[in-house]
>>> print(open('run-v5.cif').read())   # mmCIF, C-alpha atoms and all ligand atoms
data_final
#
loop_
_atom_site.label_atom_id
_atom_site.label_comp_id
_atom_site.auth_asym_id
_atom_site.auth_seq_id
_atom_site.Cartn_x
_atom_site.Cartn_y
_atom_site.Cartn_z
CA MET A 4 4.58 -31.25 -4.93
CA ASP A 5 7.62 -29.04 -5.32
CA ASP A 6 10.82 -29.45 -3.39
CA VAL A 7 10.96 -26.54 -0.99
CA ALA A 8 11.25 -28.75 2.05
CA LYS A 9 10.85 -26.08 4.71
CA VAL A 10 7.87 -24.39 3.16
CA LYS A 11 4.49 -25.47 4.41
CA THR A 12 2.22 -27.13 1.88
CA ASN A 13 -1.38 -26.61 0.88
CA GLN A 14 -2.70 -28.30 4.02
CA ASP A 15 -1.45 -25.23 5.84
CA ILE A 16 -2.83 -22.60 3.53
CA GLY A 17 -4.79 -20.87 6.27
CA LEU A 18 -1.89 -20.83 8.71
CA LEU A 19 -0.61 -17.43 9.82
CA ARG A 20 3.12 -17.66 10.48
CA HIS A 21 5.42 -15.08 12.03
CA ASP A 22 8.67 -17.02 11.86
CA TRP A 23 9.81 -16.53 8.28
CA ASP A 24 13.48 -16.48 7.42
CA ARG A 25 15.18 -15.07 4.36
CA GLU A 26 16.37 -18.45 3.02
CA GLU A 27 12.86 -19.78 3.06
CA ALA A 28 11.53 -16.67 1.34
CA GLU A 29 14.29 -16.96 -1.28
CA ALA A 30 13.52 -20.64 -1.89
CA LEU A 31 9.87 -19.80 -2.49
CA TYR A 32 10.77 -16.81 -4.68
CA GLU A 33 12.93 -19.02 -6.88
CA LEU A 34 10.34 -21.74 -7.43
CA PRO A 35 9.37 -22.40 -11.04
CA PHE A 36 6.84 -19.69 -11.89
CA ALA A 37 3.89 -22.09 -12.28
CA ASP A 38 4.57 -23.69 -8.88
CA LEU A 39 4.84 -20.31 -7.18
CA MET A 40 1.64 -19.06 -8.80
CA PHE A 41 -0.19 -22.27 -7.87
CA ARG A 42 0.77 -21.85 -4.22
CA ALA A 43 -0.17 -18.17 -4.21
CA GLN A 44 -3.54 -18.85 -5.90
CA SER A 45 -4.32 -21.74 -3.53
CA ILE A 46 -3.64 -19.52 -0.53
CA HIS A 47 -5.55 -16.63 -2.04
CA ARG A 48 -8.61 -18.82 -2.70
CA ALA A 49 -8.52 -20.44 0.74
CA ASN A 50 -8.47 -17.11 2.55
CA LEU A 51 -10.01 -14.42 0.36
CA ASP A 52 -12.33 -13.88 -2.60
CA ALA A 53 -10.05 -14.41 -5.60
CA ASN A 54 -12.41 -12.50 -7.90
CA HIS A 55 -12.72 -9.33 -5.86
CA VAL A 56 -10.48 -6.27 -5.77
CA GLU A 57 -10.78 -3.47 -3.21
CA THR A 58 -10.74 0.08 -4.54
CA ALA A 59 -9.24 2.86 -2.43
CA SER A 60 -8.82 6.53 -3.20
CA LEU A 61 -6.05 8.86 -2.06
CA LEU A 62 -6.04 12.57 -1.35
CA SER A 63 -3.07 14.71 -0.43
CA ILE A 64 -4.61 16.93 2.26
CA LYS A 65 -1.29 18.74 2.85
CA THR A 66 1.29 18.64 0.08
CA GLY A 67 5.04 19.29 -0.01
CA GLY A 68 7.48 21.14 2.24
CA CYS A 69 8.14 17.98 4.29
CA PRO A 70 11.16 18.09 6.66
CA GLU A 71 12.00 14.38 6.09
CA ASP A 72 14.62 13.38 3.51
CA CYS A 73 13.00 10.26 1.98
CA GLY A 74 15.10 9.93 -1.18
CA TYR A 75 12.17 8.84 -3.37
CA CYS A 76 9.67 11.53 -2.46
CA SER A 77 8.53 14.56 -4.45
CA GLN A 78 7.30 16.21 -1.24
CA SER A 79 10.56 16.42 0.69
CA ALA A 80 11.78 19.98 1.27
CA HIS A 81 15.35 18.66 0.88
CA TYR A 82 15.05 18.37 -2.91
CA ASP A 83 14.03 20.61 -5.76
CA THR A 84 11.21 18.58 -7.31
CA GLY A 85 8.93 21.34 -8.56
CA VAL A 86 6.14 20.33 -6.13
CA LYS A 87 4.58 23.40 -4.51
CA ALA A 88 3.97 23.24 -0.75
CA THR A 89 0.36 23.83 0.29
CA ARG A 90 -1.44 24.38 3.58
CA LEU A 91 -3.75 21.82 5.16
CA MET A 92 -6.97 21.63 3.13
CA ALA A 93 -10.31 22.74 4.55
CA GLN A 94 -12.60 19.97 5.82
CA ALA A 95 -15.40 20.83 3.38
CA ASP A 96 -13.10 20.38 0.35
CA VAL A 97 -11.83 17.05 1.68
CA VAL A 98 -15.38 15.79 2.23
CA ASP A 99 -16.44 16.90 -1.29
CA THR A 100 -13.50 14.98 -2.74
CA ALA A 101 -14.34 11.91 -0.66
CA GLN A 102 -17.95 12.01 -1.88
CA ARG A 103 -16.75 12.19 -5.49
CA ALA A 104 -14.36 9.27 -4.85
CA LYS A 105 -17.25 7.27 -3.38
CA ASP A 106 -19.44 8.06 -6.38
CA ALA A 107 -16.58 7.00 -8.67
CA GLY A 108 -16.38 3.59 -6.94
CA ALA A 109 -13.93 3.89 -4.02
CA SER A 110 -14.75 2.09 -0.79
CA ARG A 111 -11.87 3.54 1.25
CA PHE A 112 -10.62 7.11 1.44
CA CYS A 113 -7.02 7.73 2.49
CA MET A 114 -5.96 11.21 3.64
CA ALA A 115 -2.22 11.84 3.30
CA ALA A 116 -0.16 14.69 4.73
CA ALA A 117 3.49 15.53 4.06
CA TRP A 118 4.44 15.80 7.72
CA ARG A 119 7.17 14.26 9.87
CA ASN A 120 4.42 14.08 12.50
CA PRO A 121 1.17 15.99 13.02
CA LYS A 122 0.99 18.93 15.44
CA ASP A 123 -1.86 18.52 17.91
CA ARG A 124 -3.79 21.45 16.42
CA ASP A 125 -3.51 19.89 12.93
CA LEU A 126 -4.68 16.59 14.34
CA ASP A 127 -7.88 18.31 15.57
CA VAL A 128 -8.62 19.26 11.97
CA VAL A 129 -7.79 15.78 10.63
CA CYS A 130 -10.04 14.18 13.29
CA GLY A 131 -12.89 16.36 12.01
CA MET A 132 -12.17 15.15 8.45
CA VAL A 133 -12.12 11.52 9.58
CA ARG A 134 -15.52 11.90 11.32
CA ALA A 135 -17.06 13.54 8.27
CA VAL A 136 -15.68 11.00 5.76
CA LYS A 137 -16.84 8.15 7.99
CA GLU A 138 -20.33 9.65 7.92
CA LEU A 139 -20.33 9.26 4.12
CA GLY A 140 -20.19 5.50 4.74
CA MET A 141 -16.59 5.06 3.56
CA GLU A 142 -13.73 3.25 5.27
CA THR A 143 -11.23 5.82 6.50
CA CYS A 144 -7.44 5.75 6.29
CA ALA A 145 -4.83 8.38 7.09
CA THR A 146 -1.08 8.68 6.65
CA LEU A 147 0.34 11.64 8.58
CA GLY A 148 3.84 10.54 9.58
CA MET A 149 4.85 9.50 13.09
CA LEU A 150 2.18 9.37 15.80
CA THR A 151 2.31 9.32 19.59
CA ALA A 152 0.09 6.82 21.41
CA ALA A 153 -2.25 9.67 22.43
CA GLN A 154 -2.56 10.91 18.84
CA ALA A 155 -3.36 7.40 17.59
CA ALA A 156 -6.04 7.06 20.28
CA ARG A 157 -7.61 10.36 19.19
CA LEU A 158 -7.72 9.25 15.56
CA ARG A 159 -9.37 5.98 16.55
CA GLU A 160 -11.95 7.85 18.60
CA ALA A 161 -12.72 9.97 15.54
CA GLY A 162 -13.49 6.77 13.59
CA LEU A 163 -10.21 6.06 11.79
CA ASP A 164 -10.21 2.49 10.43
CA PHE A 165 -6.67 2.23 8.97
CA TYR A 166 -3.35 4.02 9.37
CA ASN A 167 -0.75 3.81 6.60
CA HIS A 168 2.86 3.91 7.72
CA ASN A 169 5.34 2.03 5.54
CA VAL A 170 8.62 0.34 6.42
CA ASP A 171 9.52 1.29 2.82
CA THR A 172 12.36 -1.25 2.28
CA SER A 173 14.61 -3.80 4.02
CA PRO A 174 16.41 -2.92 7.27
CA GLU A 175 19.74 -3.10 5.35
CA PHE A 176 18.72 -0.72 2.54
CA TYR A 177 16.70 1.64 4.73
CA ASP A 178 19.42 4.16 5.60
CA LYS A 179 20.50 4.49 1.97
CA ILE A 180 17.08 6.03 1.35
CA ILE A 181 16.11 7.90 4.54
CA THR A 182 18.30 9.41 7.26
CA THR A 183 15.93 11.70 9.18
CA ARG A 184 13.93 8.94 10.88
CA THR A 185 14.84 5.37 11.68
CA LEU A 186 13.07 2.13 10.99
CA ALA A 187 12.70 1.80 14.79
CA ASP A 188 10.79 5.13 14.83
CA ARG A 189 8.41 3.67 12.28
CA ILE A 190 7.94 0.46 14.27
CA ASP A 191 7.09 2.59 17.34
CA THR A 192 4.37 4.42 15.40
CA LEU A 193 2.98 1.11 14.14
CA ALA A 194 2.80 -0.12 17.76
CA HIS A 195 0.89 3.03 18.78
CA VAL A 196 -1.53 2.48 15.91
CA ARG A 197 -2.11 -1.15 16.94
CA GLN A 198 -2.55 -0.27 20.62
CA ALA A 199 -5.21 2.26 19.65
CA GLY A 200 -7.17 -0.46 17.80
CA ILE A 201 -6.58 1.00 14.32
CA LYS A 202 -5.88 -1.45 11.50
CA VAL A 203 -2.39 -1.29 10.04
CA CYS A 204 -1.56 -0.54 6.41
CA CYS A 205 2.17 -1.12 5.98
CA GLY A 206 4.34 -1.98 3.00
CA GLY A 207 7.03 -0.37 0.91
CA ILE A 208 8.53 0.58 -2.42
CA ILE A 209 10.50 -1.34 -5.03
CA GLY A 210 12.49 -0.01 -7.96
CA MET A 211 14.74 2.33 -5.95
CA GLY A 212 17.94 0.39 -6.70
CA GLU A 213 17.49 -2.25 -4.00
CA GLN A 214 18.36 -5.91 -4.59
CA VAL A 215 15.85 -8.79 -4.66
CA GLU A 216 17.19 -9.71 -1.17
CA ASP A 217 16.04 -6.30 0.08
CA ARG A 218 12.56 -6.80 -1.34
CA LEU A 219 12.34 -10.19 0.35
CA GLY A 220 13.85 -8.74 3.54
CA MET A 221 11.05 -6.18 3.55
CA LEU A 222 8.41 -8.93 3.27
CA VAL A 223 10.09 -10.97 6.03
CA LEU A 224 10.02 -7.86 8.25
CA LEU A 225 6.29 -7.36 7.56
CA ALA A 226 5.32 -11.03 7.86
CA ASN A 227 7.19 -11.46 11.15
CA MET A 228 5.34 -8.59 12.84
CA GLN A 229 3.29 -9.79 15.82
CA GLU A 230 0.19 -9.31 13.70
CA HIS A 231 0.35 -9.08 9.91
CA PRO A 232 -0.61 -5.65 8.60
CA GLU A 233 -4.22 -5.86 7.41
CA SER A 234 -3.15 -4.00 4.24
CA VAL A 235 0.20 -4.37 2.50
CA PRO A 236 0.86 -1.74 -0.17
CA ILE A 237 3.48 -2.67 -2.74
CA ASN A 238 4.54 0.51 -4.49
CA LEU A 239 6.62 0.54 -7.65
CA TRP A 240 8.63 3.75 -7.45
CA ASN A 241 6.77 6.45 -9.38
CA GLU A 242 9.48 8.54 -11.01
CA VAL A 243 9.99 11.99 -9.54
CA ARG A 244 12.54 14.46 -10.83
CA GLY A 245 15.13 16.02 -8.53
CA VAL A 246 15.28 13.27 -5.87
CA PRO A 247 18.35 11.13 -5.06
CA VAL A 248 16.65 7.85 -5.97
CA ASN A 249 16.96 8.92 -9.62
CA ASP A 250 20.65 8.01 -9.43
CA THR A 251 20.02 4.41 -8.38
CA ALA A 252 16.51 3.59 -9.60
CA GLU A 253 15.96 0.63 -11.86
CA ARG A 254 12.49 -0.49 -12.89
CA PRO A 255 12.16 -4.13 -11.75
CA ASP A 256 11.63 -6.91 -14.25
CA PRO A 257 7.82 -7.40 -14.48
CA ILE A 258 8.12 -11.11 -13.63
CA ALA A 259 10.10 -10.17 -10.49
CA LEU A 260 7.17 -7.95 -9.45
CA VAL A 261 4.69 -10.81 -9.92
CA ARG A 262 6.92 -13.14 -7.91
CA LEU A 263 7.11 -10.59 -5.10
CA VAL A 264 3.33 -10.17 -5.01
CA ALA A 265 2.99 -13.97 -4.85
CA LEU A 266 5.41 -14.03 -1.90
CA ALA A 267 3.42 -11.33 -0.10
CA ARG A 268 0.26 -13.39 -0.60
CA ILE A 269 1.90 -16.61 0.65
CA MET A 270 3.59 -15.02 3.65
CA MET A 271 0.58 -12.91 4.73
CA PRO A 272 -2.35 -15.11 3.64
CA LYS A 273 -5.19 -12.98 4.99
CA SER A 274 -3.80 -9.51 4.32
CA VAL A 275 -5.04 -7.31 1.52
CA VAL A 276 -2.12 -6.80 -0.87
CA ARG A 277 -2.37 -3.49 -2.70
CA LEU A 278 -0.80 -2.92 -6.08
CA SER A 279 -0.18 0.72 -5.19
CA ALA A 280 1.98 3.31 -6.94
CA GLY A 281 3.52 2.50 -10.31
CA ARG A 282 0.51 0.94 -12.04
CA GLN A 283 0.89 3.70 -14.62
CA TYR A 284 3.91 1.78 -15.96
CA MET A 285 2.21 -1.63 -16.00
CA THR A 286 0.52 -3.31 -18.91
CA ASP A 287 -2.91 -4.87 -18.49
CA GLU A 288 -1.27 -8.29 -18.72
CA LEU A 289 1.18 -7.53 -15.91
CA GLN A 290 -1.61 -6.28 -13.66
CA ALA A 291 -3.64 -9.41 -14.48
CA LEU A 292 -0.70 -11.58 -13.40
CA CYS A 293 -0.37 -9.57 -10.18
CA PHE A 294 -4.06 -10.16 -9.41
CA LEU A 295 -3.55 -13.85 -10.13
CA ALA A 296 -0.55 -13.84 -7.77
CA GLY A 297 -2.73 -12.43 -4.99
CA ALA A 298 -2.93 -8.65 -5.28
CA ASN A 299 -6.46 -7.65 -4.29
CA SER A 300 -6.51 -3.91 -3.92
CA ILE A 301 -5.74 -0.86 -6.06
CA PHE A 302 -5.87 2.91 -5.80
CA ILE A 303 -8.31 4.42 -8.25
CA GLY A 304 -8.24 8.03 -9.46
CA ASP A 305 -6.09 9.73 -12.06
CA VAL A 306 -3.53 11.00 -9.54
CA LEU A 307 -2.06 9.45 -6.40
CA LEU A 308 -0.56 12.27 -4.31
CA THR A 309 1.65 14.13 -6.77
CA THR A 310 2.14 11.48 -9.48
CA LYS A 311 -0.01 9.75 -12.06
CA ASN A 312 -2.23 6.71 -11.75
CA PRO A 313 -4.09 4.99 -14.61
CA GLN A 314 -7.36 6.57 -15.76
CA THR A 315 -10.34 5.19 -13.86
CA ALA A 316 -12.08 4.19 -17.11
CA ARG A 317 -9.08 2.03 -18.02
CA ASP A 318 -9.14 0.35 -14.59
CA ALA A 319 -12.88 -0.29 -14.85
CA ASP A 320 -12.39 -1.83 -18.29
CA LEU A 321 -9.51 -4.05 -17.12
CA LEU A 322 -11.37 -5.34 -14.05
CA ASP A 323 -14.42 -5.96 -16.21
CA ARG A 324 -12.44 -7.95 -18.78
CA LEU A 325 -10.95 -10.04 -15.96
CA GLY A 326 -14.37 -10.65 -14.40
CA ILE A 327 -13.12 -9.07 -11.17
CA ARG A 328 -15.82 -7.58 -8.97
CA SER A 329 -15.20 -4.25 -7.24
CA ARG A 330 -17.08 -1.17 -6.10
CA LEU A 331 -15.69 0.46 -9.24
CA GLY A 332 -17.61 -2.01 -11.41
CA GLU A 333 -20.75 -1.67 -9.28
CA SER A 334 -20.67 2.12 -9.51
CA ARG A 335 -20.58 1.92 -13.33
CA LYS A 336 -23.41 -0.55 -13.80
CA SER A 337 -26.56 1.15 -15.04
CA PRO A 338 -29.49 0.74 -12.65
CA ALA A 339 -31.30 -2.59 -13.03
CA PRO A 340 -34.09 -2.32 -15.61
CA GLN A 341 -37.47 -1.70 -13.97
CA LEU A 342 -40.40 -3.94 -14.85
CA PRO A 343 -43.45 -1.94 -15.93
N1 LIG A 401 4.43 11.67 5.15
C1 LIG A 401 3.85 10.45 5.57
C2 LIG A 401 4.88 9.35 5.74
O1 LIG A 401 5.78 9.26 4.93
O2 LIG A 401 4.76 8.58 6.68
C3 LIG A 401 2.73 9.98 4.69
C4 LIG A 401 2.74 10.14 3.20
S1 LIG A 401 3.98 9.25 2.30
C5 LIG A 401 3.83 9.95 0.69
C6 LIG A 401 3.38 7.60 2.19
C7 LIG A 401 4.21 6.58 1.47
O3 LIG A 401 4.11 6.76 0.07
C8 LIG A 401 5.69 6.54 1.72
O4 LIG A 401 6.03 5.88 2.90
C9 LIG A 401 6.20 5.76 0.52
O5 LIG A 401 6.24 4.37 0.81
C10 LIG A 401 5.16 6.06 -0.55
N2 LIG A 401 5.72 6.89 -1.65
C11 LIG A 401 6.08 8.18 -1.57
N3 LIG A 401 6.56 8.63 -2.75
C12 LIG A 401 6.50 7.59 -3.61
C13 LIG A 401 6.84 7.42 -4.99
N4 LIG A 401 7.36 8.41 -5.73
N5 LIG A 401 6.62 6.21 -5.56
C14 LIG A 401 6.10 5.21 -4.83
N6 LIG A 401 5.76 5.31 -3.53
C15 LIG A 401 5.95 6.48 -2.92
C1 LIG A 402 1.32 3.97 -0.07
O1 LIG A 402 1.97 2.96 0.27
N1 LIG A 402 1.23 4.42 -1.31
C2 LIG A 402 0.46 5.65 -1.36
C3 LIG A 402 -0.08 5.75 0.08
N2 LIG A 402 0.63 4.73 0.77
C4 LIG A 402 -0.11 7.01 0.79
C5 LIG A 402 1.28 6.82 -1.81
C6 LIG A 402 1.82 6.64 -3.18
C7 LIG A 402 2.51 7.92 -3.49
C8 LIG A 402 3.04 7.97 -4.88
C9 LIG A 402 3.82 9.18 -5.11
C10 LIG A 402 3.06 10.44 -5.28
O2 LIG A 402 1.96 10.45 -5.91
O3 LIG A 402 3.56 11.50 -4.86
FE1 LIG A 403 7.66 13.44 3.89
FE2 LIG A 403 6.22 11.19 3.74
FE3 LIG A 403 7.48 12.19 1.56
FE4 LIG A 403 8.94 11.13 3.50
S1 LIG A 403 7.43 10.05 2.22
S2 LIG A 403 9.35 13.10 2.47
S3 LIG A 403 7.76 11.72 5.30
S4 LIG A 403 5.82 13.12 2.67
#
>>> encode(input="run-v5.cif", output="structure tokens", more="lines below")
Ligand code: SAM
Ligand code: DTB
Ligand code: SF4
Amino acid sequence: MDDVAKVKTNQDIGLLRHDWDREEAEALYELPFADLMFRAQSIHRANLDANHVETASLLSIKTGGCPEDCGYCSQSAHYDTGVKATRLMAQADVVDTAQRAKDAGASRFCMAAAWRNPKDRDLDVVCGMVRAVKELGMETCATLGMLTAAQAARLREAGLDFYNHNVDTSPEFYDKIITTRTLADRIDTLAHVRQAGIKVCCGGIIGMGEQVEDRLGMLVLLANMQEHPESVPINLWNEVRGVPVNDTAERPDPIALVRLVALARIMMPKSVVRLSAGRQYMTDELQALCFLAGANSIFIGDVLLTTKNPQTARDADLLDRLGIRSRLGESRKSPAPQLP
């Protein structure tokens, strides 16, 4: 047994805690790598299927021209990033894309809009999209900015399973990145989503120039929520030209990323941890270590919203070589041979 006195041991691997402090998170983070990975794997195996990865697909249903000033984002109207603003897509096009994502092996479809918050008339259209995607037999997710309680209730009624709304970073680093809405605004939206009975997808970004303490502070914030988010996306900043984060960004050491994923797994034992943006920069070996540390979800598809993601064929090959089951693998298997 290692010597992190305050950290619960393997007898408590199913325990959901909401009382993490930074020192404890730091002590875990600094464990010898093998000890940290052993803890993360033990917790992963006790709570989830360690050989399964969830595959989600993303679609930008309304791109660019966003009034918020998130310093990492290609879609903010505050910066000249070369991303063209579009109108809200038509429902039929969204449903066609969702069907193609399902055929390609995605089990969840996430509809993203570059809004500060949806207008009620736009929400009518999104509710129609949610109903139609749900009818395809996919899990539905949306990320539309801030929501009122009434808007969250309407999305739930339409069949929305998950809402993505990230805290993005630590409370201390937050206002170096975003000034047009506060962390408290985000927490309010998350409360509305919970009250409506929608599952929460909430995480953040690393590689924007934050310190390790900020990354851990972000995990402490997430893990101390009254209920852990069901999905925790960990995004590695996908480079975008023209945004302020370019001046501070530093790609994290790959081992630091694996350690952070392990911490997310240990602190939120039953949550799905998604290795989200930034996989385009990761080697197969780094992704394999992240899966071993407890990541169990990825986005598939060659683009995320405006930036690149690995080719689906490469993902299928990697998961196959690792013996990881997913809908992506199932969708690629040829039909079982028929006996005469
Ligand atoms: N506009 C909505 C909002 O921000 O709430 C929804 C869409 S927004 C693109 C969703 C999340 O994507 C952001 O909160 C951020 O964490 C992540 N994100 C945006 N740009 C990114 C980038 N270049 N690299 C990594 N993650 C990014
Ligand atoms: C999340 O945490 N990551 C996704 C999803 N939620 C909406 C977005 C990643 C965006 C990457 C940047 C882009 O493609 O523009
Ligand atoms: Fe707008 Fe969302 Fe991008 Fe922020 S992250 S600028 S809210 S699209």
>>> residues_around(input="run-v5.cif", residues="range 80-88 of chain A", least_positions_apart="5", cutoff="12 Å", atoms="only C-alpha atoms", output="short mmCIF file (atom, residue, chain, number, x, y, z; two decimals) with C-alpha atoms, in the frame of the given file")
data_model
loop_
_atom_site.label_atom_id
_atom_site.label_comp_id
_atom_site.auth_asym_id
_atom_site.auth_seq_id
_atom_site.Cartn_x
_atom_site.Cartn_y
_atom_site.Cartn_z
CA SER A 63 -3.07 14.71 -0.43
CA ILE A 64 -4.61 16.93 2.26
CA LYS A 65 -1.29 18.74 2.85
CA THR A 66 1.29 18.64 0.08
CA GLY A 67 5.04 19.29 -0.01
CA GLY A 68 7.48 21.14 2.24
CA CYS A 69 8.14 17.98 4.29
CA PRO A 70 11.16 18.09 6.66
CA GLU A 71 12.00 14.38 6.09
CA ASP A 72 14.62 13.38 3.51
CA CYS A 73 13.00 10.26 1.98
CA GLY A 74 15.10 9.93 -1.18
CA TYR A 75 12.17 8.84 -3.37
CA ALA A 116 -0.16 14.69 4.73
CA ALA A 117 3.49 15.53 4.06
CA TRP A 118 4.44 15.80 7.72
CA ARG A 119 7.17 14.26 9.87
CA ILE A 181 16.11 7.90 4.54
CA THR A 182 18.30 9.41 7.26
CA THR A 183 15.93 11.70 9.18
CA GLU A 242 9.48 8.54 -11.01
CA VAL A 243 9.99 11.99 -9.54
CA ARG A 244 12.54 14.46 -10.83
CA GLY A 245 15.13 16.02 -8.53
CA VAL A 246 15.28 13.27 -5.87
CA PRO A 247 18.35 11.13 -5.06
CA VAL A 248 16.65 7.85 -5.97
CA ASN A 249 16.96 8.92 -9.62
CA LEU A 308 -0.56 12.27 -4.31
CA THR A 309 1.65 14.13 -6.77
CA THR A 310 2.14 11.48 -9.48
#
>>> atom_distance(input="run-v5.cif", atom1="atom O1 of ligand LIG 402 (chain A)", atom2="CA of Glu233 in chain A")
12.9 Å
>>> residues_near_ligand(input="run-v5.cif", ligand="ligand LIG 402 (chain A)", cutoff="10 Å", atoms="only C-alpha atoms and all ligand atoms", output="number ranges by chain")
A: 59-63, 66-67, 75-78, 86, 113-117, 144-147, 166-171, 204-208, 234-243, 277-281, 301-302, 306-312
>>> atom_distance(input="run-v5.cif", atom1="CA of Asp164 in chain A", atom2="CA of Glu142 in chain A")
6.3 Å
>>> residues_near_point(input="run-v5.cif", point="(-6.8, 18.2, 17.0)", cutoff="12 Å", atoms="all atoms listed in the file", output="PDB file with C-alpha atoms, keeping the file's coordinate frame")
ATOM      1  CA  PRO A 121       1.170  15.990  13.020  1.00  0.00           C
ATOM      2  CA  LYS A 122       0.990  18.930  15.440  1.00  0.00           C
ATOM      3  CA  ASP A 123      -1.860  18.520  17.910  1.00  0.00           C
ATOM      4  CA  ARG A 124      -3.790  21.450  16.420  1.00  0.00           C
ATOM      5  CA  ASP A 125      -3.510  19.890  12.930  1.00  0.00           C
ATOM      6  CA  LEU A 126      -4.680  16.590  14.340  1.00  0.00           C
ATOM      7  CA  ASP A 127      -7.880  18.310  15.570  1.00  0.00           C
ATOM      8  CA  VAL A 128      -8.620  19.260  11.970  1.00  0.00           C
ATOM      9  CA  VAL A 129      -7.790  15.780  10.630  1.00  0.00           C
ATOM     10  CA  CYS A 130     -10.040  14.180  13.290  1.00  0.00           C
ATOM     11  CA  GLY A 131     -12.890  16.360  12.010  1.00  0.00           C
ATOM     12  CA  MET A 132     -12.170  15.150   8.450  1.00  0.00           C
ATOM     13  CA  VAL A 133     -12.120  11.520   9.580  1.00  0.00           C
ATOM     14  CA  ALA A 153      -2.250   9.670  22.430  1.00  0.00           C
ATOM     15  CA  GLN A 154      -2.560  10.910  18.840  1.00  0.00           C
ATOM     16  CA  ALA A 155      -3.360   7.400  17.590  1.00  0.00           C
ATOM     17  CA  ALA A 156      -6.040   7.060  20.280  1.00  0.00           C
ATOM     18  CA  ARG A 157      -7.610  10.360  19.190  1.00  0.00           C
ATOM     19  CA  LEU A 158      -7.720   9.250  15.560  1.00  0.00           C
ATOM     20  CA  GLU A 160     -11.950   7.850  18.600  1.00  0.00           C
ATOM     21  CA  ALA A 161     -12.720   9.970  15.540  1.00  0.00           C
TER      22      ALA A 161
END
>>> closest_residue(input="run-v5.cif", among="A:Pro174, A:Gly332, A:Gly140, A:Gly148", to="ligand LIG 403 (chain A)", atoms="all atoms listed in the file")
A:Gly148
>>> closest_residue(input="run-v5.cif", among="A:Ala265, A:Gln283, A:Met221, A:Asp318", to="Leu39 in chain A", atoms="all atoms listed in the file")
A:Ala265
>>> axis_aligned_box(input="run-v5.cif", around="ligand LIG 403 (chain A)", padding_each_side="5 Å", output="AutoDock Vina command-line options")
--center_x 7.6 --center_y 11.7 --center_z 3.4 --size_x 13.5 --size_y 13.4 --size_z 13.7
>>> closest_residue(input="run-v5.cif", among="A:Thr100, A:Thr151, A:Gln214, A:Gln290", to="Ala252 in chain A", atoms="all atoms listed in the file")
A:Gln214
>>> closest_residue(input="run-v5.cif", among="A:Ala28, A:Leu51, A:Met40, A:Leu186", to="ligand LIG 401 (chain A)", atoms="all atoms listed in the file")
A:Leu186
>>> closest_residue(input="run-v5.cif", among="A:Ser45, A:Asp99, A:Ile180, A:Asp106", to="ligand LIG 403 (chain A)", atoms="only C-alpha atoms and all ligand atoms")
A:Ile180
>>> atom_distance(input="run-v5.cif", atom1="CA of Pro313 in chain A", atom2="CA of Arg282 in chain A")
6.6 Å
>>> closest_residue(input="run-v5.cif", among="A:Ile190, A:Leu295, A:Leu331, A:Ala226", to="ligand LIG 401 (chain A)", atoms="all atoms listed in the file")
A:Ile190
>>> residues_around(input="run-v5.cif", residues="Ile258 in chain A", least_positions_apart="6", cutoff="9 Å", atoms="all atoms listed in the file", output="VMD selection string")
chain A and resid 36 289 292
>>> write_last_selection(input="run-v5.cif", atoms="C-alpha atoms", output="compact mmCIF listing (two decimals), in the frame of the given file")
# COMPACT_ATOMS: atom_id res chain seq x y z
CA PHE A 36 6.84 -19.69 -11.89
CA LEU A 289 1.18 -7.53 -15.91
CA LEU A 292 -0.70 -11.58 -13.40
>>> residues_around(input="run-v5.cif", residues="Ile327 in chain A", least_positions_apart="3", cutoff="9 Å", atoms="all atoms listed in the file", output="ChimeraX atom specification")
/A:53-56,321-324,332
>>> residues_near_point(input="run-v5.cif", point="(-0.8, -18.8, 5.7)", cutoff="9 Å", atoms="all atoms listed in the file", output="PyMOL selection string")
chain A and resi 11+15-20+46+50+268-273
>>> decode(input="run-v5.cif", residues="range 114-119 of chain A", atoms="N, CA, C and O atoms", output="mmCIF file, in the first residue's frame")
data_model
loop_
_atom_site.group_PDB
_atom_site.id
_atom_site.type_symbol
_atom_site.label_atom_id
_atom_site.label_comp_id
_atom_site.auth_asym_id
_atom_site.auth_seq_id
_atom_site.Cartn_x
_atom_site.Cartn_y
_atom_site.Cartn_z
ATOM 1 N N MET A 114 -25.513 17.812 -30.161
ATOM 2 C CA MET A 114 -25.785 18.969 -31.020
ATOM 3 C C MET A 114 -25.292 20.236 -30.323
ATOM 4 O O MET A 114 -25.729 20.540 -29.207
ATOM 5 N N ALA A 115 -24.361 20.942 -30.974
ATOM 6 C CA ALA A 115 -23.717 22.097 -30.330
ATOM 7 C C ALA A 115 -24.049 23.382 -31.076
ATOM 8 O O ALA A 115 -24.013 23.418 -32.311
ATOM 9 N N ALA A 116 -24.341 24.430 -30.324
ATOM 10 C CA ALA A 116 -24.631 25.729 -30.942
ATOM 11 C C ALA A 116 -23.786 26.822 -30.292
ATOM 12 O O ALA A 116 -23.641 26.862 -29.069
ATOM 13 N N ALA A 117 -23.259 27.711 -31.120
ATOM 14 C CA ALA A 117 -22.418 28.808 -30.628
ATOM 15 C C ALA A 117 -23.300 29.960 -30.164
ATOM 16 O O ALA A 117 -23.372 31.013 -30.801
ATOM 17 N N TRP A 118 -23.987 29.726 -29.073
ATOM 18 C CA TRP A 118 -24.859 30.741 -28.467
ATOM 19 C C TRP A 118 -24.419 31.036 -27.044
ATOM 20 O O TRP A 118 -23.889 30.151 -26.353
ATOM 21 N N ARG A 119 -24.717 32.282 -26.590
ATOM 22 C CA ARG A 119 -24.584 32.561 -25.147
ATOM 23 C C ARG A 119 -25.705 31.810 -24.430
ATOM 24 O O ARG A 119 -25.523 31.221 -23.389
#
